[in-house]
Structure formats: structure tokens, C-alpha cells
file data13.pdb (PDB, N, CA and C atoms)
MODEL        1
ATOM      1  N   MET J   1     163.734  43.246  89.170
ATOM      2  CA  MET J   1     164.631  43.192  88.043
ATOM      3  C   MET J   1     164.750  41.766  87.518
ATOM      4  N   GLY J   2     164.571  40.793  88.439
ATOM      5  CA  GLY J   2     164.565  39.408  87.999
ATOM      6  C   GLY J   2     163.372  39.114  87.115
ATOM      7  N   GLU J   3     162.202  39.652  87.510
ATOM      8  CA  GLU J   3     160.989  39.438  86.725
ATOM      9  C   GLU J   3     161.097  40.060  85.341
ATOM     10  N   ALA J   4     161.829  41.177  85.226
ATOM     11  CA  ALA J   4     161.983  41.865  83.946
ATOM     12  C   ALA J   4     163.079  41.240  83.090
ATOM     13  N   GLY J   5     163.818  40.263  83.642
ATOM     14  CA  GLY J   5     164.879  39.609  82.894
ATOM     15  C   GLY J   5     166.182  40.382  82.884
ATOM     16  N   ILE J   6     166.292  41.433  83.713
ATOM     17  CA  ILE J   6     167.525  42.218  83.770
ATOM     18  C   ILE J   6     168.605  41.442  84.514
ATOM     19  N   LEU J   7     168.216  40.763  85.600
ATOM     20  CA  LEU J   7     169.141  39.952  86.383
ATOM     21  C   LEU J   7     168.590  38.534  86.480
ATOM     22  N   ALA J   8     169.499  37.608  86.775
ATOM     23  CA  ALA J   8     169.046  36.245  87.035
ATOM     24  C   ALA J   8     168.172  36.260  88.276
ATOM     25  N   ASP J   9     167.231  35.350  88.345
ATOM     26  CA  ASP J   9     166.336  35.267  89.495
ATOM     27  C   ASP J   9     167.095  34.620  90.645
ATOM     28  N   ASP J  10     167.880  35.415  91.360
ATOM     29  CA  ASP J  10     168.734  34.955  92.453
ATOM     30  C   ASP J  10     168.261  35.599  93.746
ATOM     31  N   PRO J  11     167.807  34.797  94.725
ATOM     32  CA  PRO J  11     167.286  35.378  95.959
ATOM     33  C   PRO J  11     168.337  36.101  96.792
ATOM     34  N   ARG J  12     169.617  35.972  96.458
ATOM     35  CA  ARG J  12     170.654  36.658  97.233
ATOM     36  C   ARG J  12     170.992  38.038  96.681
ATOM     37  N   ILE J  13     170.330  38.472  95.619
ATOM     38  CA  ILE J  13     170.609  39.781  95.028
ATOM     39  C   ILE J  13     169.541  40.771  95.459
ATOM     40  N   GLU J  14     169.989  41.962  95.898
ATOM     41  CA  GLU J  14     169.072  43.038  96.254
ATOM     42  C   GLU J  14     169.515  44.314  95.555
ATOM     43  N   LEU J  15     168.556  45.193  95.300
ATOM     44  CA  LEU J  15     168.843  46.514  94.755
ATOM     45  C   LEU J  15     168.776  47.494  95.921
ATOM     46  N   ILE J  16     169.914  48.091  96.270
ATOM     47  CA  ILE J  16     169.993  49.020  97.401
ATOM     48  C   ILE J  16     170.563  50.331  96.894
ATOM     49  N   ALA J  17     169.750  51.381  96.970
ATOM     50  CA  ALA J  17     170.145  52.724  96.531
ATOM     51  C   ALA J  17     170.705  52.706  95.118
ATOM     52  N   GLY J  18     170.084  51.936  94.237
ATOM     53  CA  GLY J  18     170.485  51.893  92.841
ATOM     54  C   GLY J  18     171.657  50.980  92.554
ATOM     55  N   SER J  19     172.219  50.334  93.567
ATOM     56  CA  SER J  19     173.349  49.418  93.374
ATOM     57  C   SER J  19     172.908  47.982  93.603
ATOM     58  N   ILE J  20     173.461  47.076  92.818
ATOM     59  CA  ILE J  20     173.162  45.658  92.976
ATOM     60  C   ILE J  20     174.090  45.111  94.051
ATOM     61  N   VAL J  21     173.506  44.480  95.066
ATOM     62  CA  VAL J  21     174.269  43.963  96.199
ATOM     63  C   VAL J  21     173.981  42.475  96.339
ATOM     64  N   VAL J  22     175.038  41.683  96.529
ATOM     65  CA  VAL J  22     174.884  40.248  96.766
ATOM     66  C   VAL J  22     174.919  40.030  98.270
ATOM     67  N   ARG J  23     173.867  39.412  98.793
ATOM     68  CA  ARG J  23     173.785  39.152 100.228
ATOM     69  C   ARG J  23     174.593  37.914 100.602
ATOM     70  N   GLU J  24     174.965  37.865 101.867
ATOM     71  CA  GLU J  24     175.655  36.693 102.396
ATOM     72  C   GLU J  24     174.684  35.504 102.416
ATOM     73  N   PRO J  25     175.202  34.288 102.298
ATOM     74  CA  PRO J  25     174.323  33.124 102.451
ATOM     75  C   PRO J  25     173.703  33.124 103.855
ATOM     76  N   THR J  26     172.510  32.614 103.971
ATOM     77  CA  THR J  26     171.811  32.573 105.253
ATOM     78  C   THR J  26     172.285  31.373 106.066
ATOM     79  N   GLY J  27     172.765  31.640 107.282
ATOM     80  CA  GLY J  27     173.199  30.575 108.175
ATOM     81  C   GLY J  27     172.011  29.898 108.843
ATOM     82  N   SER J  28     172.242  28.736 109.429
ATOM     83  CA  SER J  28     171.152  27.963 110.024
ATOM     84  C   SER J  28     170.546  28.656 111.242
ATOM     85  N   ARG J  29     171.344  29.351 112.066
ATOM     86  CA  ARG J  29     170.775  30.058 113.223
ATOM     87  C   ARG J  29     169.870  31.188 112.776
ATOM     88  N   HIS J  30     170.310  31.928 111.770
ATOM     89  CA  HIS J  30     169.482  33.033 111.259
ATOM     90  C   HIS J  30     168.192  32.484 110.642
ATOM     91  N   ALA J  31     168.304  31.439 109.850
ATOM     92  CA  ALA J  31     167.116  30.837 109.229
ATOM     93  C   ALA J  31     166.149  30.347 110.304
ATOM     94  N   GLY J  32     166.680  29.734 111.362
ATOM     95  CA  GLY J  32     165.837  29.271 112.456
ATOM     96  C   GLY J  32     165.135  30.420 113.155
ATOM     97  N   ALA J  33     165.855  31.543 113.348
ATOM     98  CA  ALA J  33     165.250  32.718 113.988
ATOM     99  C   ALA J  33     164.125  33.286 113.125
ATOM    100  N   VAL J  34     164.350  33.359 111.820
ATOM    101  CA  VAL J  34     163.315  33.853 110.908
ATOM    102  C   VAL J  34     162.096  32.940 110.968
ATOM    103  N   ASP J  35     162.321  31.632 110.953
ATOM    104  CA  ASP J  35     161.205  30.685 111.017
ATOM    105  C   ASP J  35     160.439  30.808 112.333
ATOM    106  N   ARG J  36     161.155  30.984 113.454
ATOM    107  CA  ARG J  36     160.490  31.130 114.757
ATOM    108  C   ARG J  36     159.612  32.373 114.801
ATOM    109  N   VAL J  37     160.176  33.503 114.379
ATOM    110  CA  VAL J  37     159.415  34.756 114.403
ATOM    111  C   VAL J  37     158.239  34.671 113.427
ATOM    112  N   GLY J  38     158.475  34.113 112.247
ATOM    113  CA  GLY J  38     157.389  33.932 111.285
ATOM    114  C   GLY J  38     156.274  33.070 111.858
ATOM    115  N   HIS J  39     156.637  31.991 112.523
ATOM    116  CA  HIS J  39     155.645  31.101 113.142
ATOM    117  C   HIS J  39     154.822  31.860 114.180
ATOM    118  N   LEU J  40     155.487  32.681 114.981
ATOM    119  CA  LEU J  40     154.798  33.493 115.986
ATOM    120  C   LEU J  40     153.795  34.436 115.315
ATOM    121  N   PHE J  41     154.238  35.144 114.277
ATOM    122  CA  PHE J  41     153.353  36.085 113.580
ATOM    123  C   PHE J  41     152.207  35.367 112.864
ATOM    124  N   PHE J  42     152.492  34.220 112.222
ATOM    125  CA  PHE J  42     151.429  33.485 111.533
ATOM    126  C   PHE J  42     150.313  33.135 112.516
ATOM    127  N   GLY J  43     150.696  32.630 113.693
ATOM    128  CA  GLY J  43     149.701  32.240 114.684
ATOM    129  C   GLY J  43     148.963  33.419 115.290
ATOM    130  N   THR J  44     149.686  34.500 115.554
ATOM    131  CA  THR J  44     149.109  35.664 116.223
ATOM    132  C   THR J  44     148.264  36.521 115.292
ATOM    133  N   LEU J  45     148.675  36.643 114.047
ATOM    134  CA  LEU J  45     148.033  37.575 113.117
ATOM    135  C   LEU J  45     147.176  36.899 112.047
ATOM    136  N   ALA J  46     146.900  35.634 112.213
ATOM    137  CA  ALA J  46     146.134  34.888 111.206
ATOM    138  C   ALA J  46     144.851  35.623 110.837
ATOM    139  N   GLY J  47     144.686  35.870 109.544
ATOM    140  CA  GLY J  47     143.494  36.539 109.032
ATOM    141  C   GLY J  47     143.517  38.049 109.164
ATOM    142  N   ARG J  48     144.477  38.600 109.918
ATOM    143  CA  ARG J  48     144.536  40.050 110.109
ATOM    144  C   ARG J  48     145.704  40.689 109.368
ATOM    145  N   ALA J  49     146.671  39.890 108.933
ATOM    146  CA  ALA J  49     147.827  40.411 108.205
ATOM    147  C   ALA J  49     148.395  39.298 107.337
ATOM    148  N   ILE J  50     149.074  39.701 106.277
ATOM    149  CA  ILE J  50     149.854  38.760 105.485
ATOM    150  C   ILE J  50     151.268  38.820 106.038
ATOM    151  N   VAL J  51     151.796  37.676 106.416
ATOM    152  CA  VAL J  51     153.169  37.596 106.908
ATOM    153  C   VAL J  51     154.020  37.125 105.739
ATOM    154  N   ARG J  52     154.836  38.028 105.223
ATOM    155  CA  ARG J  52     155.667  37.741 104.046
ATOM    156  C   ARG J  52     157.089  37.504 104.530
ATOM    157  N   MET J  53     157.654  36.371 104.166
ATOM    158  CA  MET J  53     158.993  36.015 104.624
ATOM    159  C   MET J  53     159.991  36.048 103.469
ATOM    160  N   GLN J  54     160.984  36.906 103.600
ATOM    161  CA  GLN J  54     162.121  37.024 102.690
ATOM    162  C   GLN J  54     161.699  37.195 101.232
ATOM    163  N   ASN J  55     160.702  38.057 101.022
ATOM    164  CA  ASN J  55     160.250  38.415  99.684
ATOM    165  C   ASN J  55     160.362  39.925  99.485
ATOM    166  N   PRO J  56     160.404  40.389  98.242
ATOM    167  CA  PRO J  56     160.702  41.797  97.960
ATOM    168  C   PRO J  56     159.683  42.809  98.476
ATOM    169  N   VAL J  57     160.231  43.951  98.883
ATOM    170  CA  VAL J  57     159.484  45.162  99.204
ATOM    171  C   VAL J  57     160.193  46.287  98.456
ATOM    172  N   THR J  58     159.451  47.092  97.709
ATOM    173  CA  THR J  58     160.077  48.149  96.918
ATOM    174  C   THR J  58     160.129  49.465  97.684
ATOM    175  N   PHE J  59     161.221  50.179  97.498
ATOM    176  CA  PHE J  59     161.447  51.501  98.069
ATOM    177  C   PHE J  59     161.814  52.423  96.896
ATOM    178  N   PRO J  60     160.826  52.865  96.107
ATOM    179  CA  PRO J  60     161.134  53.604  94.887
ATOM    180  C   PRO J  60     161.897  54.902  95.122
ATOM    181  N   ASP J  61     161.633  55.608  96.211
ATOM    182  CA  ASP J  61     162.346  56.868  96.459
ATOM    183  C   ASP J  61     163.833  56.647  96.680
ATOM    184  N   GLU J  62     164.190  55.487  97.207
ATOM    185  CA  GLU J  62     165.607  55.180  97.445
ATOM    186  C   GLU J  62     166.193  54.302  96.340
ATOM    187  N   MET J  63     165.424  54.038  95.276
ATOM    188  CA  MET J  63     165.848  53.137  94.199
ATOM    189  C   MET J  63     166.290  51.795  94.758
ATOM    190  N   SER J  64     165.450  51.202  95.622
ATOM    191  CA  SER J  64     165.811  49.957  96.288
ATOM    192  C   SER J  64     164.664  48.955  96.245
ATOM    193  N   GLU J  65     165.033  47.699  96.218
ATOM    194  CA  GLU J  65     164.083  46.611  96.370
ATOM    195  C   GLU J  65     164.744  45.603  97.307
ATOM    196  N   LEU J  66     164.296  45.611  98.556
ATOM    197  CA  LEU J  66     164.904  44.785  99.586
ATOM    198  C   LEU J  66     164.082  43.536  99.838
ATOM    199  N   GLN J  67     164.712  42.569 100.484
ATOM    200  CA  GLN J  67     164.030  41.346 100.887
ATOM    201  C   GLN J  67     164.194  41.189 102.396
ATOM    202  N   PRO J  68     163.384  41.934 103.168
ATOM    203  CA  PRO J  68     163.484  41.811 104.624
ATOM    204  C   PRO J  68     163.158  40.390 105.053
ATOM    205  N   ASP J  69     163.663  40.017 106.219
ATOM    206  CA  ASP J  69     163.376  38.676 106.714
ATOM    207  C   ASP J  69     161.873  38.450 106.834
ATOM    208  N   ILE J  70     161.163  39.422 107.402
ATOM    209  CA  ILE J  70     159.719  39.318 107.571
ATOM    210  C   ILE J  70     159.099  40.681 107.312
ATOM    211  N   THR J  71     157.989  40.701 106.600
ATOM    212  CA  THR J  71     157.228  41.932 106.386
ATOM    213  C   THR J  71     155.773  41.653 106.746
ATOM    214  N   LEU J  72     155.195  42.542 107.538
ATOM    215  CA  LEU J  72     153.775  42.427 107.884
ATOM    216  C   LEU J  72     152.999  43.317 106.938
ATOM    217  N   LEU J  73     152.039  42.736 106.230
ATOM    218  CA  LEU J  73     151.297  43.446 105.194
ATOM    219  C   LEU J  73     149.810  43.471 105.495
ATOM    220  N   ARG J  74     149.171  44.559 105.072
ATOM    221  CA  ARG J  74     147.714  44.624 105.127
ATOM    222  C   ARG J  74     147.173  43.549 104.183
ATOM    223  N   PRO J  75     146.173  42.786 104.619
ATOM    224  CA  PRO J  75     145.624  41.739 103.744
ATOM    225  C   PRO J  75     145.089  42.306 102.433
ATOM    226  N   ARG J  76     145.346  41.588 101.355
ATOM    227  CA  ARG J  76     144.815  41.903 100.030
ATOM    228  C   ARG J  76     144.395  40.608  99.379
ATOM    229  N   ALA J  77     143.322  40.659  98.607
ATOM    230  CA  ALA J  77     142.792  39.455  97.965
ATOM    231  C   ALA J  77     143.814  38.788  97.050
ATOM    232  N   ASP J  78     144.675  39.591  96.399
ATOM    233  CA  ASP J  78     145.639  39.005  95.461
ATOM    234  C   ASP J  78     146.960  38.615  96.117
ATOM    235  N   PHE J  79     147.075  38.799  97.442
ATOM    236  CA  PHE J  79     148.301  38.476  98.174
ATOM    237  C   PHE J  79     149.533  39.125  97.532
ATOM    238  N   TYR J  80     149.349  40.321  96.980
ATOM    239  CA  TYR J  80     150.420  41.120  96.363
ATOM    240  C   TYR J  80     151.034  40.434  95.143
ATOM    241  N   SER J  81     150.255  39.590  94.465
ATOM    242  CA  SER J  81     150.776  38.937  93.265
ATOM    243  C   SER J  81     150.789  39.875  92.063
ATOM    244  N   SER J  82     150.037  40.981  92.102
ATOM    245  CA  SER J  82     150.040  41.926  90.983
ATOM    246  C   SER J  82     151.219  42.892  91.048
ATOM    247  N   ALA J  83     151.780  43.106  92.230
ATOM    248  CA  ALA J  83     152.952  43.976  92.405
ATOM    249  C   ALA J  83     153.487  43.791  93.814
ATOM    250  N   HIS J  84     154.801  43.936  93.962
ATOM    251  CA  HIS J  84     155.396  43.862  95.295
ATOM    252  C   HIS J  84     154.875  45.018  96.139
ATOM    253  N   PRO J  85     154.759  44.808  97.436
ATOM    254  CA  PRO J  85     154.330  45.915  98.292
ATOM    255  C   PRO J  85     155.375  47.022  98.293
ATOM    256  N   GLY J  86     154.905  48.244  98.561
ATOM    257  CA  GLY J  86     155.805  49.387  98.646
ATOM    258  C   GLY J  86     156.288  49.611 100.055
ATOM    259  N   ALA J  87     157.208  50.528 100.185
ATOM    260  CA  ALA J  87     157.797  50.843 101.483
ATOM    261  C   ALA J  87     156.782  51.513 102.388
ATOM    262  N   PRO J  88     156.932  51.324 103.700
ATOM    263  CA  PRO J  88     156.060  52.033 104.633
ATOM    264  C   PRO J  88     156.338  53.526 104.573
ATOM    265  N   THR J  89     155.307  54.320 104.832
ATOM    266  CA  THR J  89     155.461  55.774 104.766
ATOM    267  C   THR J  89     155.539  56.422 106.138
ATOM    268  N   SER J  90     155.188  55.681 107.179
ATOM    269  CA  SER J  90     155.265  56.227 108.532
ATOM    270  C   SER J  90     155.244  55.085 109.526
ATOM    271  N   CYS J  91     155.414  55.407 110.789
ATOM    272  CA  CYS J  91     155.381  54.369 111.820
ATOM    273  C   CYS J  91     153.998  53.757 111.942
ATOM    274  N   CYS J  92     153.009  54.410 111.397
ATOM    275  CA  CYS J  92     151.633  53.902 111.474
ATOM    276  C   CYS J  92     151.235  53.160 110.213
ATOM    277  N   SER J  93     152.180  52.884 109.351
ATOM    278  CA  SER J  93     151.890  52.208 108.091
ATOM    279  C   SER J  93     151.409  50.784 108.342
ATOM    280  N   SER J  94     150.734  50.253 107.368
ATOM    281  CA  SER J  94     150.260  48.873 107.460
ATOM    282  C   SER J  94     151.329  47.882 107.021
ATOM    283  N   ARG J  95     152.482  48.355 106.569
ATOM    284  CA  ARG J  95     153.533  47.472 106.079
ATOM    285  C   ARG J  95     154.797  47.714 106.893
ATOM    286  N   TRP J  96     155.262  46.673 107.561
ATOM    287  CA  TRP J  96     156.450  46.814 108.397
ATOM    288  C   TRP J  96     157.488  45.780 108.006
ATOM    289  N   PRO J  97     158.580  46.182 107.350
ATOM    290  CA  PRO J  97     159.656  45.227 107.088
ATOM    291  C   PRO J  97     160.446  44.990 108.373
ATOM    292  N   ILE J  98     160.763  43.734 108.654
ATOM    293  CA  ILE J  98     161.455  43.386 109.887
ATOM    294  C   ILE J  98     162.705  42.583 109.547
ATOM    295  N   PRO J  99     163.877  43.226 109.572
ATOM    296  CA  PRO J  99     165.109  42.447 109.393
ATOM    297  C   PRO J  99     165.508  41.872 110.742
ATOM    298  N   LEU J 100     165.954  40.636 110.746
ATOM    299  CA  LEU J 100     166.485  40.041 111.965
ATOM    300  C   LEU J 100     167.989  40.114 111.911
ATOM    301  N   CYS J 101     168.597  40.641 112.951
ATOM    302  CA  CYS J 101     170.044  40.861 112.950
ATOM    303  C   CYS J 101     170.756  39.689 113.606
ATOM    304  N   GLY J 102     171.998  39.550 113.243
ATOM    305  CA  GLY J 102     172.823  38.521 113.844
ATOM    306  C   GLY J 102     173.777  37.961 112.831
ATOM    307  N   SER J 103     174.564  37.049 113.274
ATOM    308  CA  SER J 103     175.554  36.414 112.413
ATOM    309  C   SER J 103     174.862  35.565 111.359
ATOM    310  N   THR J 104     175.410  35.574 110.151
ATOM    311  CA  THR J 104     174.864  34.707 109.112
ATOM    312  C   THR J 104     175.494  33.329 109.183
ATOM    313  N   GLY J 105     176.487  33.185 110.038
ATOM    314  CA  GLY J 105     177.163  31.881 110.160
ATOM    315  C   GLY J 105     176.304  30.874 110.871
ATOM    316  N   GLY J 106     176.625  29.572 110.654
ATOM    317  CA  GLY J 106     176.042  28.403 111.286
ATOM    318  C   GLY J 106     174.833  28.623 112.000
TER     319      GLY J 106
ENDMDL
END
call {"tool": "encode", "arguments": {"input": "data13.pdb", "output": "C-alpha cells"}}
result
Amino acid sequence: MGEAGILADDPRIELIAGSIVVREPTGSRHAGAVDRVGHLFFGTLAGRAIVRMQNPVTFPDEMSELQPDITLLRPRADFYSSAHPGAPTSCCSSRWPIPLCGSTGG
């Protein structure tokens, strides 16, 4: 919706089940955890997956566009620049959104 000019390009806004939701600011512990897990995946999956950090994944059936902390994507030459990746369809999907849970504080 940011790309279409409907909303300001604000990384804290998500579309969840057709509703616009403002996310809490990211705390330093959460940001550190995301960076650690991302670093692990980058090293382990280099060349075998695209590790996408805090970027949109669309869920059209649920009218949602979420920004999971980390998403593992099947490699594509365009690195998904032509369209955001879609939601996984099963546990065997090539796309896995990974939210990291915990306090958003400090």
C-alpha cells in the first residue's frame, strides 16, 4: 500500500486481515535477536535461500501484508523486486516467515 501511495512508507505499518495496524517500536534486544538469527541463516544458507529480514510478505487470502522478522525464500534472479513473495501454502513451502517473539522493550 506504501508503493501504491495509499499509505505513507512507514515500516511500522502492517495490513492484517484488512485492517491497518501500527507495530510497536523495535527494542534493542529484539533487534539484536533478529540480527543474530539472520547472521546464522546468511552463513548457513548462502546461495541456497534468500534471507529476507523485516520485509513484506503478502497473504492475499487473509487480506494481509506482514513484515516477519525473517523470511526464508527460494532464490530468484530478481530477488523478489518485481513483487513481494506470497504466503507459504504448506509446511513444505519454500517460503517460511519467522517472527521472533519477546519483549519489544530495551
call {"tool": "resolve_selection", "arguments": {"input": "data13.pdb", "expression": "the PyMOL selection byres (((chain J and resi 47-54 and name CA) around 6) and name CA)", "output": "PyMOL selection string"}}
result
chain J and resi 45-46+55+67-75
call {"tool": "residues_around", "arguments": {"input": "data13.pdb", "residues": "Pro85 (chain J)", "least_positions_apart": "6", "cutoff": "6 Å", "atoms": "only N, CA and C atoms", "output": "compact mmCIF listing (two decimals) with N, CA and C atoms, keeping the file's coordinate frame"}}
result
# COMPACT_ATOMS: atom_id res chain seq x y z
N PRO J 56 160.40 40.39 98.24
CA PRO J 56 160.70 41.80 97.96
C PRO J 56 159.68 42.81 98.48
N VAL J 57 160.23 43.95 98.88
CA VAL J 57 159.48 45.16 99.20
C VAL J 57 160.19 46.29 98.46
N THR J 58 159.45 47.09 97.71
CA THR J 58 160.08 48.15 96.92
C THR J 58 160.13 49.46 97.68
call {"tool": "resolve_selection", "arguments": {"input": "data13.pdb", "expression": "the PyMOL selection byres ((chain J and resi 15) around 7)", "output": "PyMOL selection string"}}
result
chain J and resi 13-14+16-21+63-67
call {"tool": "atom_distance", "arguments": {"input": "data13.pdb", "atom1": "atom N of Glu24 (chain J)", "atom2": "atom N of Arg12 (chain J)"}}
result
7.8 Å
call {"tool": "select_by_dssp", "arguments": {"input": "data13.pdb", "residues": "region 34-89 of chain J", "states": "helix (DSSP H, G or I)", "output": "NGL selection string"}}
result
:J and (34-45 or 60-62)
call {"tool": "select_by_dssp", "arguments": {"input": "data13.pdb", "residues": "region 8-44 of chain J", "states": "strand (DSSP E or B)", "output": "number ranges by chain"}}
result
J: 13-16, 19-22
call {"tool": "atom_distance", "arguments": {"input": "data13.pdb", "atom1": "CA of Ser81 (chain J)", "atom2": "atom C of Gly27 (chain J)"}}
result
27.8 Å
